[in-house]
Structures are given as C-alpha cells and as structure tokens.
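Accompanying notes for the structure given below.
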Amino acid sequence: MPHVPQTVQYYPGWDAFKALPLSQKITFFEQNGEYFHTIFAQQFTRKKLDELFILADHIRDIAKNQQGRLALQGVLADKRAMLFFAQPSTRTFLSFLNSCHILGVKTSEIRDTATSSEVKGESGEDTIRTFASYVDLIIMRHKEEGYAEKSAWVLNQATRPVPVINAGSGKDEHPSQALLDLYTIQRYFKNRDGIHGKTIAMVGDLNRGRTVRSLSQLLPLYQNVKIIYVAPDGYKMRPDILAFLKEKNVPVHETDDFKSIIPEVDVIYMTRLQDEYDMDSESQHVDYARFHFTRSELSLLPPHAIIMHPFPRRLEIEVSIDKDKRAAYWEQEVNGMWARSALITRIFRREHLVENINTC
Ligand code: NCD
C-alpha cells in the first residue's frame, strides 16, 4: 500500500502567499511533488499528464463490462466528495459527479450559494472549512479568481486538510478542462505523434475564457507546438500568458482573420463570448459572427484536423458540423469524465487498486 502523507505545509498570511510566484505556491499545494490540491494548470507536469492519460484509458477500458464497473466502484468507496459549484455548469459538474460515481465516491453538492449559510453572513473561509469537516475532497467552481486558491490555502491550516480541485475560477483557470483537452488531442492524434508538433488555434473571447488560459499553460510541455490566437479586438489573450509562452519559446501568432488560419491548423479550439463578465454589455457590440465555424469553412480545414469546443456552444459551430468526423467536441465531453476519474484516483493514490482489477 503506498503511503498517503496526511500533512501539508502551511504558509502564514494570505496576502503574502497570494503574492508568491506560482512555482513557490505549487509546493504548498502538493505533498512532496505528489497530488494534493489541483488549483493551477501548471501543477501538471509532462510525467503527470502522461500517467493520467494512461490511467484514464485504463479506467474506461475496465468500465466496458459490468464486472469492471462494479470493481471500479470499490476503488474509492470509502471516500466522500463535496461538489460546490457557485457558478453555472453542466459538463464539468456532471462529469466530476459521474467520475465520483464510477469510483464509488459518495457525493454531496451545493450549486447555489443561496442555499448555503453564506446568505446568513458566513464567510467563504468558514464555509470551506465546514465542507472539510464532512468530506474527503472538495471540487469547486466560483466566479471569483483566486477563490479555489484561497480555499486550498485555508484548508492547509485546518486540522483535517482536504484536497481541493479547481473546477473553474472566474476568468482565470480551469485546470481539469486543460487536462481533458490535452487527453482529447492525444487520443485523436495517437498515430501522429500525439500533441507534439501540432498547430493549435484558439478562437474567440480569449481575454476572459479560462479554458484557453489553462490549456495555453500546458502546451509548452510538448515539443514543437505552435499556437494561433484568433480574437476580436479587445478580447485578445492577456499579456501574462503571451509572456509565459515567449519565455517557453512557443511560437505564437495573433490575428483576427479567422478564415485565413483554418488551413494551417491541426486543432481548432472554438470558444463562446464570456458575456457574463461584461461590465456594461460591451460584448453586444462585438461582431462575433466572424468567429463562427460554419459549413462553408469545413472545406478549408485539413482532413486530419479536429474541431474542439469546451462547450456550452452558442453559434460558434454550426450544428450540422457535428456529423463531420473532424468534430471532436462530443468526444471531448466524454473524455472529461475519464480524465477526471483518473485525476481523482491519483489524488487519493489509489491507482494500484485500478491496476489490480482483473479484467479477464
Ligand atoms: C467552460 C467554462 O466554464 O469555463 N465550460 C466548461 O467548463 N466546459 C467554457 C465556457 O463556459 O464557455
């Protein structure tokens, strides 16, 4: 049985902690380089991603028959998880919930803060500590950037530290989405050197989309990747990510001419306008139709390329494109459940129980 360390390091003072460089924060969110909290995409190393993809494939293989599905439910049958989703969610919520069910984790949920004691004036910190009194894992989504990070920091000083998975933190990060996005690219291109050497275009509201920010931070882990950012004026990728990619020597091309880049891509990653973050209905003035993938663009897309979307979709991809074999987004959605199952298994160091399942 692998040893699961019970203690995590604590850093006093939230403001001081918040100001630390990411590389230093990460050590407080892990246990000797091993999983504990999953807050930032950059916590995933190449080794961790490779292992998670293999584990995700293995879990979904085992789940192909009844005996396997029942055995998987024993992997984490002694654990309980809290899904705290204070922002709307369909896929992320359901895929995490069903990952828990696949592995036998019992779940409770709060999806509306109006039903929790925060409306009675309880602080976010007390709310999080309360969750930790009852469960072994907290999966959380919040509109505030840094809420998941602060929750993890708070829990590091609790008598019973409980791991936190960030399932979307405002306009900032969505690390488990980046995990499933890479898993999807890896699977589609498994006979074409996986993610290495791919040209990936991210299209839409890159300024406020957290999926594209998290994905961008992991792409430098792969060789010879090129990124094309396609966004309307005022919605371009933020400078912090551009600086990060420059430091990692990843070639980046920025444009607002969507059509022109379609023939060059291996992966085209569409996103919607994140208008819930508007200050003054400003995105109503954007001509977003220029960033829609319609049937007429399909002939421009290379035959081997794939189209992705984290969803929800509005008009970014014409529905009739779903039938094209290059449409990868429905599969991407399914991949999320398996990639998240692998992540939860690893957080609890239970991969050996998965390995021991006899699939014959
Ligand atoms: C995304 C999100 O919530 O950031 N959706 C998701 O998690 N699958 C993308 C979006 O809402 O546009």
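Lettering and numbering for the structure tokens are positional, with chains as A, B, ... in the shown order, residues counted from 1 in each chain, and ligands counted from 1 in the shown order.
Environment of ligand 1, defined as every protein or nucleic acid residue with an atom within 7 Å of it and counting only C-alpha atoms and all ligand atoms, comprises Ser89, Arg91, Thr92, Gly168, His174, Gln177, Gly209, Arg210, Thr211, Thr271, Arg272, Gln274, Pro310, Phe311 and Pro312 of chain A.
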Would you write out those residues with all heavy atoms, as a compact mmCIF listing (two decimals), in the first residue's frame?
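Okay, selection-v1.txt is ready:
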# COMPACT_ATOMS: atom_id res chain seq x y z
N SER A 89 -22.92 25.34 -14.40
CA SER A 89 -22.09 24.30 -15.00
C SER A 89 -22.98 23.13 -15.39
O SER A 89 -23.87 22.75 -14.62
CB SER A 89 -21.04 23.81 -14.00
OG SER A 89 -20.34 22.71 -14.53
N ARG A 91 -21.46 20.35 -17.97
CA ARG A 91 -20.47 19.30 -18.22
C ARG A 91 -19.50 19.07 -17.08
O ARG A 91 -19.24 17.94 -16.69
CB ARG A 91 -19.62 19.63 -19.46
CG ARG A 91 -20.12 19.07 -20.73
CD ARG A 91 -19.76 20.02 -21.84
NE ARG A 91 -20.44 21.27 -21.59
CZ ARG A 91 -21.68 21.53 -21.99
NH1 ARG A 91 -22.34 20.67 -22.68
NH2 ARG A 91 -22.27 22.69 -21.69
N THR A 92 -18.92 20.16 -16.58
CA THR A 92 -17.89 19.98 -15.56
C THR A 92 -18.51 19.35 -14.33
O THR A 92 -17.97 18.41 -13.75
CB THR A 92 -17.23 21.33 -15.23
OG1 THR A 92 -16.79 21.93 -16.45
CG2 THR A 92 -16.04 21.15 -14.31
N GLY A 168 -12.92 25.59 -12.10
CA GLY A 168 -13.18 26.84 -12.80
C GLY A 168 -13.16 27.99 -11.83
O GLY A 168 -13.99 28.05 -10.92
N HIS A 174 -8.89 26.84 -15.39
CA HIS A 174 -9.78 25.68 -15.44
C HIS A 174 -8.89 24.47 -15.72
O HIS A 174 -8.93 23.89 -16.81
CB HIS A 174 -10.81 25.89 -16.55
CG HIS A 174 -12.02 25.02 -16.47
ND1 HIS A 174 -12.10 23.92 -15.64
CD2 HIS A 174 -13.22 25.08 -17.13
CE1 HIS A 174 -13.28 23.35 -15.80
NE2 HIS A 174 -13.98 24.03 -16.69
N GLN A 177 -10.14 21.13 -17.18
CA GLN A 177 -10.55 21.25 -18.58
C GLN A 177 -9.32 21.12 -19.49
O GLN A 177 -9.36 20.43 -20.52
CB GLN A 177 -11.26 22.59 -18.81
CG GLN A 177 -11.69 22.82 -20.25
CD GLN A 177 -12.91 21.99 -20.67
OE1 GLN A 177 -13.84 21.84 -19.89
NE2 GLN A 177 -12.90 21.46 -21.88
N GLY A 209 -11.79 33.93 -21.35
CA GLY A 209 -12.02 32.48 -21.32
C GLY A 209 -10.94 31.80 -20.49
O GLY A 209 -9.76 31.91 -20.77
N ARG A 210 -11.37 31.05 -19.48
CA ARG A 210 -10.37 30.40 -18.61
C ARG A 210 -9.84 29.11 -19.22
O ARG A 210 -8.74 28.67 -18.92
CB ARG A 210 -10.99 30.14 -17.24
CG ARG A 210 -12.28 29.33 -17.29
CD ARG A 210 -12.99 29.37 -15.96
NE ARG A 210 -14.33 28.79 -16.04
CZ ARG A 210 -15.28 29.03 -15.17
NH1 ARG A 210 -15.07 29.84 -14.16
NH2 ARG A 210 -16.46 28.46 -15.28
N THR A 211 -10.64 28.48 -20.10
CA THR A 211 -10.19 27.20 -20.68
C THR A 211 -8.94 27.42 -21.53
O THR A 211 -7.98 26.66 -21.45
CB THR A 211 -11.28 26.55 -21.55
OG1 THR A 211 -11.57 27.42 -22.65
CG2 THR A 211 -12.55 26.31 -20.76
N THR A 271 -14.42 28.95 -28.88
CA THR A 271 -14.99 29.31 -27.57
C THR A 271 -16.07 30.37 -27.74
O THR A 271 -16.10 31.09 -28.74
CB THR A 271 -13.92 29.86 -26.60
OG1 THR A 271 -13.45 31.13 -27.10
CG2 THR A 271 -12.74 28.91 -26.43
N ARG A 272 -16.91 30.47 -26.73
CA ARG A 272 -18.02 31.45 -26.80
C ARG A 272 -17.59 32.77 -26.17
O ARG A 272 -16.58 32.83 -25.45
CB ARG A 272 -19.25 30.90 -26.10
CG ARG A 272 -19.12 30.89 -24.60
CD ARG A 272 -20.35 30.39 -23.87
NE ARG A 272 -19.96 30.21 -22.47
CZ ARG A 272 -20.08 31.13 -21.52
NH1 ARG A 272 -20.62 32.29 -21.80
NH2 ARG A 272 -19.68 30.90 -20.29
N GLN A 274 -17.68 35.35 -23.44
CA GLN A 274 -17.92 35.18 -21.99
C GLN A 274 -18.65 36.42 -21.46
O GLN A 274 -18.12 37.16 -20.62
CB GLN A 274 -16.58 34.99 -21.27
CG GLN A 274 -15.70 33.90 -21.84
CD GLN A 274 -16.13 32.51 -21.42
OE1 GLN A 274 -16.37 32.27 -20.23
NE2 GLN A 274 -16.25 31.59 -22.36
N PRO A 310 -15.00 23.74 -25.59
CA PRO A 310 -15.23 23.27 -24.21
C PRO A 310 -16.73 23.19 -23.90
O PRO A 310 -17.12 22.54 -22.94
CB PRO A 310 -14.57 24.35 -23.35
CG PRO A 310 -14.59 25.59 -24.19
CD PRO A 310 -14.46 25.12 -25.62
N PHE A 311 -17.54 23.85 -24.74
CA PHE A 311 -18.99 23.96 -24.54
C PHE A 311 -19.28 24.75 -23.27
O PHE A 311 -18.46 24.79 -22.38
CB PHE A 311 -19.63 22.57 -24.50
CG PHE A 311 -19.98 22.02 -25.86
CD1 PHE A 311 -19.42 22.54 -27.01
CD2 PHE A 311 -20.87 20.95 -25.99
CE1 PHE A 311 -19.75 22.03 -28.26
CE2 PHE A 311 -21.20 20.42 -27.23
CZ PHE A 311 -20.65 20.96 -28.36
N PRO A 312 -20.37 25.39 -23.07
CA PRO A 312 -21.53 25.40 -23.93
C PRO A 312 -21.29 26.15 -25.24
O PRO A 312 -20.55 27.13 -25.27
CB PRO A 312 -22.60 26.10 -23.09
CG PRO A 312 -21.83 26.97 -22.15
CD PRO A 312 -20.55 26.24 -21.87
Polymer residues at most 12 Å from Asp172 in chain A, only C-alpha atoms, same-chain spacing of 2 or more positions, as a PyMOL selection string: chain A and resi 39-41+141-149+166-170+174-175+206-217+237-238+240-241+277
Kindly save the residues from that selection, with N, CA and C atoms included, as a short mmCIF file (atom, residue, chain, number, x, y, z; two decimals), in the first residue's frame.
data_model
loop_
_atom_site.label_atom_id
_atom_site.label_comp_id
_atom_site.auth_asym_id
_atom_site.auth_seq_id
_atom_site.Cartn_x
_atom_site.Cartn_y
_atom_site.Cartn_z
N ILE A 39 -5.09 23.29 -8.35
CA ILE A 39 -5.58 24.67 -8.46
C ILE A 39 -5.15 25.31 -9.78
N PHE A 40 -3.90 25.06 -10.17
CA PHE A 40 -3.34 25.70 -11.37
C PHE A 40 -2.99 24.64 -12.41
N ALA A 41 -3.19 24.99 -13.68
CA ALA A 41 -2.80 24.06 -14.75
C ALA A 41 -1.33 23.69 -14.65
N ARG A 141 -16.25 25.33 -8.08
CA ARG A 141 -16.24 26.34 -9.15
C ARG A 141 -16.78 27.63 -8.55
N HIS A 142 -16.12 28.74 -8.88
CA HIS A 142 -16.52 30.02 -8.31
C HIS A 142 -16.22 31.14 -9.30
N LYS A 143 -17.03 32.19 -9.26
CA LYS A 143 -16.82 33.28 -10.22
C LYS A 143 -15.60 34.13 -9.88
N GLU A 144 -15.16 34.04 -8.63
CA GLU A 144 -14.02 34.86 -8.21
C GLU A 144 -12.71 34.16 -8.53
N GLU A 145 -11.82 34.88 -9.23
CA GLU A 145 -10.47 34.35 -9.44
C GLU A 145 -9.84 34.20 -8.06
N GLY A 146 -9.11 33.14 -7.85
CA GLY A 146 -8.41 33.01 -6.58
C GLY A 146 -9.22 32.41 -5.45
N TYR A 147 -10.51 32.15 -5.67
CA TYR A 147 -11.33 31.59 -4.58
C TYR A 147 -10.87 30.16 -4.26
N ALA A 148 -10.64 29.38 -5.30
CA ALA A 148 -10.19 27.99 -5.09
C ALA A 148 -8.81 27.99 -4.44
N GLU A 149 -7.98 28.91 -4.90
CA GLU A 149 -6.61 29.01 -4.35
C GLU A 149 -6.68 29.36 -2.86
N ASN A 166 -9.91 22.69 -8.40
CA ASN A 166 -10.46 23.89 -9.00
C ASN A 166 -11.20 23.50 -10.29
N ALA A 167 -12.52 23.64 -10.26
CA ALA A 167 -13.32 23.28 -11.45
C ALA A 167 -13.73 24.53 -12.23
N GLY A 168 -12.92 25.59 -12.10
CA GLY A 168 -13.18 26.84 -12.80
C GLY A 168 -13.16 27.99 -11.83
N SER A 169 -12.17 28.88 -11.98
CA SER A 169 -12.05 30.02 -11.06
C SER A 169 -12.13 31.32 -11.88
N GLY A 170 -13.34 31.85 -11.96
CA GLY A 170 -13.56 33.11 -12.67
C GLY A 170 -12.98 33.07 -14.07
N HIS A 174 -8.89 26.84 -15.39
CA HIS A 174 -9.78 25.68 -15.44
C HIS A 174 -8.89 24.47 -15.72
N PRO A 175 -8.08 24.09 -14.72
CA PRO A 175 -7.05 23.08 -14.99
C PRO A 175 -7.56 21.71 -15.43
N LEU A 206 -10.69 35.30 -25.89
CA LEU A 206 -9.52 34.73 -25.22
C LEU A 206 -9.14 35.53 -23.98
N ASN A 207 -9.62 36.74 -23.92
CA ASN A 207 -9.33 37.60 -22.78
C ASN A 207 -10.00 37.09 -21.50
N ARG A 208 -11.22 36.56 -21.66
CA ARG A 208 -11.98 36.19 -20.47
C ARG A 208 -12.24 34.69 -20.36
N GLY A 209 -11.79 33.93 -21.35
CA GLY A 209 -12.02 32.48 -21.32
C GLY A 209 -10.94 31.80 -20.49
N ARG A 210 -11.37 31.05 -19.48
CA ARG A 210 -10.37 30.40 -18.61
C ARG A 210 -9.84 29.11 -19.22
N THR A 211 -10.64 28.48 -20.10
CA THR A 211 -10.19 27.20 -20.68
C THR A 211 -8.94 27.42 -21.53
N VAL A 212 -8.96 28.47 -22.33
CA VAL A 212 -7.83 28.72 -23.23
C VAL A 212 -6.59 29.16 -22.46
N ARG A 213 -6.81 29.81 -21.33
CA ARG A 213 -5.66 30.22 -20.50
C ARG A 213 -4.98 28.98 -19.88
N SER A 214 -5.80 28.08 -19.37
CA SER A 214 -5.21 26.88 -18.75
C SER A 214 -4.54 25.99 -19.80
N LEU A 215 -5.22 25.81 -20.93
CA LEU A 215 -4.64 24.97 -22.00
C LEU A 215 -3.31 25.56 -22.48
N SER A 216 -3.27 26.87 -22.64
CA SER A 216 -2.04 27.52 -23.13
C SER A 216 -0.86 27.27 -22.20
N GLN A 217 -1.14 27.16 -20.92
CA GLN A 217 -0.04 26.98 -19.97
C GLN A 217 0.54 25.57 -20.00
N MET A 237 -5.81 37.39 -26.12
CA MET A 237 -5.16 36.70 -25.00
C MET A 237 -4.39 37.71 -24.15
N ARG A 238 -4.47 37.54 -22.84
CA ARG A 238 -3.84 38.54 -21.95
C ARG A 238 -2.31 38.44 -21.97
N ASP A 240 -0.03 38.21 -19.71
CA ASP A 240 0.70 37.26 -18.84
C ASP A 240 0.94 35.94 -19.55
N ILE A 241 -0.07 35.47 -20.29
CA ILE A 241 0.08 34.19 -21.00
C ILE A 241 1.04 34.36 -22.18
N TYR A 277 -19.22 38.20 -17.88
CA TYR A 277 -18.23 39.07 -17.23
C TYR A 277 -18.28 40.51 -17.75
#
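For the pair CA of Met270 in chain A and CA of Met308 in chain A, the interatomic distance is 6.2 Å.
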Contacts of Gly197 in chain A within 6 Å, only C-alpha atoms, excl. fewer than 4 positions in-chain, as an NGL selection string: :A and (223-225)
Spatial neighbours of His37 in chain A, max dist 10 Å, only C-alpha atoms, sep filter under 5 positions, as a VMD selection string: chain A and resid 8 26 28 to 31 43 137 to 139 148 to 149 151 to 153 155 to 156 161 to 166 347
Exercise: Thr255 in chain A partners within 9 Å, only C-alpha atoms, chain neighbours under 6 positions left out, as a ChimeraX atom specification: /A:228-232,261
Produce a file of the selected residues containing N, CA, C and O atoms, as a tab-separated table (two decimals), in the first residue's frame.
chain	number	residue	atom	x	y	z
A	228	ILE	N	-1.96	29.59	-32.41
A	228	ILE	CA	-2.54	30.74	-33.12
A	228	ILE	C	-3.71	31.24	-32.29
A	228	ILE	O	-4.62	30.46	-31.94
A	229	TYR	N	-3.66	32.50	-31.90
A	229	TYR	CA	-4.76	33.10	-31.16
A	229	TYR	C	-5.59	33.95	-32.12
A	229	TYR	O	-5.06	34.88	-32.75
A	230	VAL	N	-6.88	33.66	-32.19
A	230	VAL	CA	-7.77	34.38	-33.09
A	230	VAL	C	-8.86	35.04	-32.25
A	230	VAL	O	-9.71	34.34	-31.68
A	231	ALA	N	-8.82	36.34	-32.15
A	231	ALA	CA	-9.77	37.02	-31.26
A	231	ALA	C	-10.14	38.38	-31.81
A	231	ALA	O	-9.35	39.02	-32.51
A	232	PRO	N	-11.35	38.83	-31.47
A	232	PRO	CA	-11.71	40.20	-31.85
A	232	PRO	C	-10.88	41.20	-31.03
A	232	PRO	O	-10.40	40.85	-29.95
A	261	ILE	N	-6.60	31.28	-41.16
A	261	ILE	CA	-5.75	30.33	-40.42
A	261	ILE	C	-6.27	28.88	-40.48
A	261	ILE	O	-5.56	27.95	-40.11
In range 218-321 of chain A, DSSP strand (DSSP E or B) residues written as a PyMOL selection string: chain A and resi 226-230+252-255+267-270+293+306-308+317
Write a file of the selected residues as a compact mmCIF listing (two decimals), in the first residue's frame, keeping all heavy atoms.
# COMPACT_ATOMS: atom_id res chain seq x y z
N LYS A 226 2.80 24.90 -31.94
CA LYS A 226 2.59 26.31 -32.35
C LYS A 226 1.18 26.72 -31.93
O LYS A 226 0.25 25.91 -32.03
CB LYS A 226 2.69 26.45 -33.87
CG LYS A 226 4.06 26.22 -34.42
CD LYS A 226 4.09 26.77 -35.87
CE LYS A 226 5.32 26.26 -36.59
NZ LYS A 226 5.09 25.01 -37.33
N ILE A 227 1.04 27.97 -31.52
CA ILE A 227 -0.29 28.46 -31.10
C ILE A 227 -0.71 29.62 -31.99
O ILE A 227 0.09 30.52 -32.26
CB ILE A 227 -0.27 28.91 -29.62
CG1 ILE A 227 0.07 27.72 -28.70
CG2 ILE A 227 -1.61 29.51 -29.22
CD1 ILE A 227 0.12 28.05 -27.22
N ILE A 228 -1.96 29.59 -32.41
CA ILE A 228 -2.54 30.74 -33.12
C ILE A 228 -3.71 31.24 -32.29
O ILE A 228 -4.62 30.46 -31.94
CB ILE A 228 -3.04 30.35 -34.53
CG1 ILE A 228 -1.92 29.66 -35.34
CG2 ILE A 228 -3.56 31.59 -35.27
CD1 ILE A 228 -2.36 29.16 -36.71
N TYR A 229 -3.66 32.50 -31.90
CA TYR A 229 -4.76 33.10 -31.16
C TYR A 229 -5.59 33.95 -32.12
O TYR A 229 -5.06 34.88 -32.75
CB TYR A 229 -4.24 33.98 -30.03
CG TYR A 229 -3.64 33.22 -28.86
CD1 TYR A 229 -2.41 33.61 -28.30
CD2 TYR A 229 -4.31 32.14 -28.29
CE1 TYR A 229 -1.87 32.93 -27.21
CE2 TYR A 229 -3.77 31.45 -27.21
CZ TYR A 229 -2.56 31.85 -26.67
OH TYR A 229 -2.03 31.18 -25.60
N VAL A 230 -6.88 33.66 -32.19
CA VAL A 230 -7.77 34.38 -33.09
C VAL A 230 -8.86 35.04 -32.25
O VAL A 230 -9.71 34.34 -31.68
CB VAL A 230 -8.43 33.41 -34.11
CG1 VAL A 230 -9.18 34.20 -35.17
CG2 VAL A 230 -7.39 32.49 -34.73
N VAL A 252 3.92 31.99 -31.25
CA VAL A 252 2.52 32.42 -31.14
C VAL A 252 2.23 33.40 -32.27
O VAL A 252 3.01 34.32 -32.54
CB VAL A 252 2.28 33.13 -29.78
CG1 VAL A 252 0.88 33.75 -29.74
CG2 VAL A 252 2.46 32.16 -28.62
N HIS A 253 1.11 33.17 -32.94
CA HIS A 253 0.67 34.10 -33.98
C HIS A 253 -0.70 34.64 -33.57
O HIS A 253 -1.58 33.87 -33.19
CB HIS A 253 0.60 33.33 -35.31
CG HIS A 253 -0.03 34.09 -36.42
ND1 HIS A 253 0.41 35.34 -36.81
CD2 HIS A 253 -1.07 33.78 -37.23
CE1 HIS A 253 -0.35 35.76 -37.81
NE2 HIS A 253 -1.25 34.84 -38.08
N GLU A 254 -0.86 35.96 -33.59
CA GLU A 254 -2.15 36.55 -33.22
C GLU A 254 -2.79 37.19 -34.44
O GLU A 254 -2.11 37.89 -35.20
CB GLU A 254 -1.95 37.62 -32.15
CG GLU A 254 -1.58 37.07 -30.80
CD GLU A 254 -1.62 38.18 -29.74
OE1 GLU A 254 -0.62 38.91 -29.62
OE2 GLU A 254 -2.65 38.31 -29.06
N THR A 255 -4.09 36.97 -34.58
CA THR A 255 -4.80 37.54 -35.72
C THR A 255 -6.29 37.70 -35.38
O THR A 255 -6.77 37.12 -34.40
CB THR A 255 -4.65 36.63 -36.97
OG1 THR A 255 -5.38 37.18 -38.06
CG2 THR A 255 -5.15 35.22 -36.71
N VAL A 267 -5.53 21.55 -34.80
CA VAL A 267 -6.63 21.63 -33.83
C VAL A 267 -7.19 23.03 -33.87
O VAL A 267 -6.44 24.01 -33.82
CB VAL A 267 -6.12 21.35 -32.39
CG1 VAL A 267 -7.26 21.52 -31.38
CG2 VAL A 267 -5.49 19.96 -32.27
N ILE A 268 -8.50 23.12 -33.94
CA ILE A 268 -9.13 24.43 -33.87
C ILE A 268 -10.05 24.41 -32.66
O ILE A 268 -10.91 23.54 -32.52
CB ILE A 268 -9.83 24.78 -35.20
CG1 ILE A 268 -10.14 26.25 -35.27
CG2 ILE A 268 -11.05 23.97 -35.49
CD1 ILE A 268 -10.01 26.80 -36.67
N TYR A 269 -9.80 25.31 -31.71
CA TYR A 269 -10.48 25.28 -30.41
C TYR A 269 -11.38 26.50 -30.33
O TYR A 269 -10.92 27.62 -30.14
CB TYR A 269 -9.41 25.29 -29.31
CG TYR A 269 -9.89 24.99 -27.91
CD1 TYR A 269 -9.71 23.73 -27.35
CD2 TYR A 269 -10.51 25.97 -27.13
CE1 TYR A 269 -10.13 23.45 -26.06
CE2 TYR A 269 -10.93 25.70 -25.84
CZ TYR A 269 -10.74 24.44 -25.30
OH TYR A 269 -11.15 24.17 -24.01
N MET A 270 -12.68 26.28 -30.53
CA MET A 270 -13.64 27.37 -30.56
C MET A 270 -14.12 27.69 -29.15
O MET A 270 -14.25 26.78 -28.32
CB MET A 270 -14.86 26.98 -31.42
CG MET A 270 -14.54 26.51 -32.82
SD MET A 270 -13.74 27.78 -33.83
CE MET A 270 -15.08 28.97 -33.99
N PHE A 293 -17.66 29.01 -36.76
CA PHE A 293 -17.27 27.99 -37.74
C PHE A 293 -18.54 27.49 -38.42
O PHE A 293 -19.38 26.83 -37.79
CB PHE A 293 -16.57 26.85 -37.01
CG PHE A 293 -15.67 26.04 -37.88
CD1 PHE A 293 -14.31 25.97 -37.62
CD2 PHE A 293 -16.17 25.33 -38.96
CE1 PHE A 293 -13.47 25.21 -38.42
CE2 PHE A 293 -15.33 24.58 -39.77
CZ PHE A 293 -13.97 24.52 -39.50
N ILE A 306 -8.85 18.49 -36.19
CA ILE A 306 -10.06 18.31 -35.37
C ILE A 306 -10.58 19.66 -34.87
O ILE A 306 -9.81 20.62 -34.72
CB ILE A 306 -9.82 17.35 -34.17
CG1 ILE A 306 -8.71 17.87 -33.23
CG2 ILE A 306 -9.54 15.94 -34.64
CD1 ILE A 306 -8.64 17.14 -31.89
N ILE A 307 -11.89 19.67 -34.62
CA ILE A 307 -12.53 20.88 -34.07
C ILE A 307 -12.93 20.57 -32.63
O ILE A 307 -13.58 19.55 -32.37
CB ILE A 307 -13.81 21.26 -34.86
CG1 ILE A 307 -13.53 21.29 -36.36
CG2 ILE A 307 -14.37 22.58 -34.37
CD1 ILE A 307 -14.79 21.31 -37.22
N MET A 308 -12.52 21.45 -31.73
CA MET A 308 -12.86 21.26 -30.31
C MET A 308 -13.65 22.47 -29.80
O MET A 308 -13.62 23.54 -30.40
CB MET A 308 -11.59 21.07 -29.48
CG MET A 308 -10.82 19.82 -29.83
SD MET A 308 -9.23 19.67 -28.97
CE MET A 308 -9.74 19.44 -27.28
N ILE A 317 -20.17 26.98 -33.55
CA ILE A 317 -20.01 25.87 -34.50
C ILE A 317 -21.40 25.50 -34.99
O ILE A 317 -22.27 25.15 -34.18
CB ILE A 317 -19.35 24.63 -33.84
CG1 ILE A 317 -18.01 25.00 -33.20
CG2 ILE A 317 -19.15 23.52 -34.88
CD1 ILE A 317 -17.38 23.89 -32.38
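You will find CA of Pro263 in chain A at 26.5 Å from CA of Phe244 in chain A.
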Tell me, counting only C-alpha atoms, for each residue of range 154-222 of chain A within 12 Å of range 46-55 of chain A, which pair of atoms is nearest and how far apart they are in Å to one decimal, in rows ordered by chain and increasing number, as CSV.
residue,atom,partner,partner_atom,distance
A:Pro175,CA,A:Leu49,CA,11.6
A:Ser176,CA,A:Leu49,CA,11.0
A:Ala178,CA,A:Leu49,CA,10.4
A:Leu179,CA,A:Leu49,CA,7.4
A:Leu180,CA,A:Phe53,CA,8.9
A:Asp181,CA,A:Phe53,CA,11.1
A:Leu182,CA,A:Leu49,CA,8.6
A:Tyr183,CA,A:Phe53,CA,6.1
A:Thr184,CA,A:Phe53,CA,9.4
A:Ile185,CA,A:Phe53,CA,10.9
A:Gln186,CA,A:Phe53,CA,8.4
A:Arg187,CA,A:Phe53,CA,8.9
A:Lys190,CA,A:Phe53,CA,11.5
A:Gly194,CA,A:Asp50,CA,10.9
A:Ile195,CA,A:Asp50,CA,11.2
A:His196,CA,A:Arg46,CA,11.9
A:Gln217,CA,A:Arg46,CA,11.9
A:Leu218,CA,A:Arg46,CA,8.6
A:Leu219,CA,A:Arg46,CA,9.9
A:Pro220,CA,A:Arg46,CA,9.7
A:Leu221,CA,A:Arg46,CA,6.0
A:Tyr222,CA,A:Arg46,CA,7.9
Spatial neighbours of Leu273 in chain A, max dist 10 Å, only C-alpha atoms, sep filter under 6 positions, as a PyMOL selection string: chain A and resi 204-209+235+283-284+286+288+291+313-314+316
Export C-alpha atoms of the chosen residues as a tab-separated table (two decimals), in the first residue's frame?
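Listed below is the output, again.tsv:
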chain	number	residue	atom	x	y	z
A	204	GLY	CA	-12.98	33.72	-29.57
A	205	ASP	CA	-13.06	35.61	-26.29
A	206	LEU	CA	-9.52	34.73	-25.22
A	207	ASN	CA	-9.33	37.60	-22.78
A	208	ARG	CA	-11.98	36.19	-20.47
A	209	GLY	CA	-12.02	32.48	-21.32
A	235	TYR	CA	-10.74	40.21	-26.45
A	283	SER	CA	-19.71	42.47	-25.85
A	284	GLN	CA	-23.03	43.21	-27.53
A	286	VAL	CA	-18.68	42.66	-30.97
A	288	TYR	CA	-18.75	37.58	-33.10
A	291	PHE	CA	-15.54	33.88	-35.22
A	313	ARG	CA	-21.87	26.28	-27.59
A	314	ARG	CA	-23.99	29.05	-28.92
A	316	GLU	CA	-19.65	29.18	-32.67
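Picture a line from CA of Arg349 in chain A to CA of Leu103 in chain A; it runs 12.8 Å.
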Residue nearest Val265 in chain A among A:Leu301, A:Glu125, A:Lys171, A:Val105 (counting only C-alpha atoms): A:Leu301
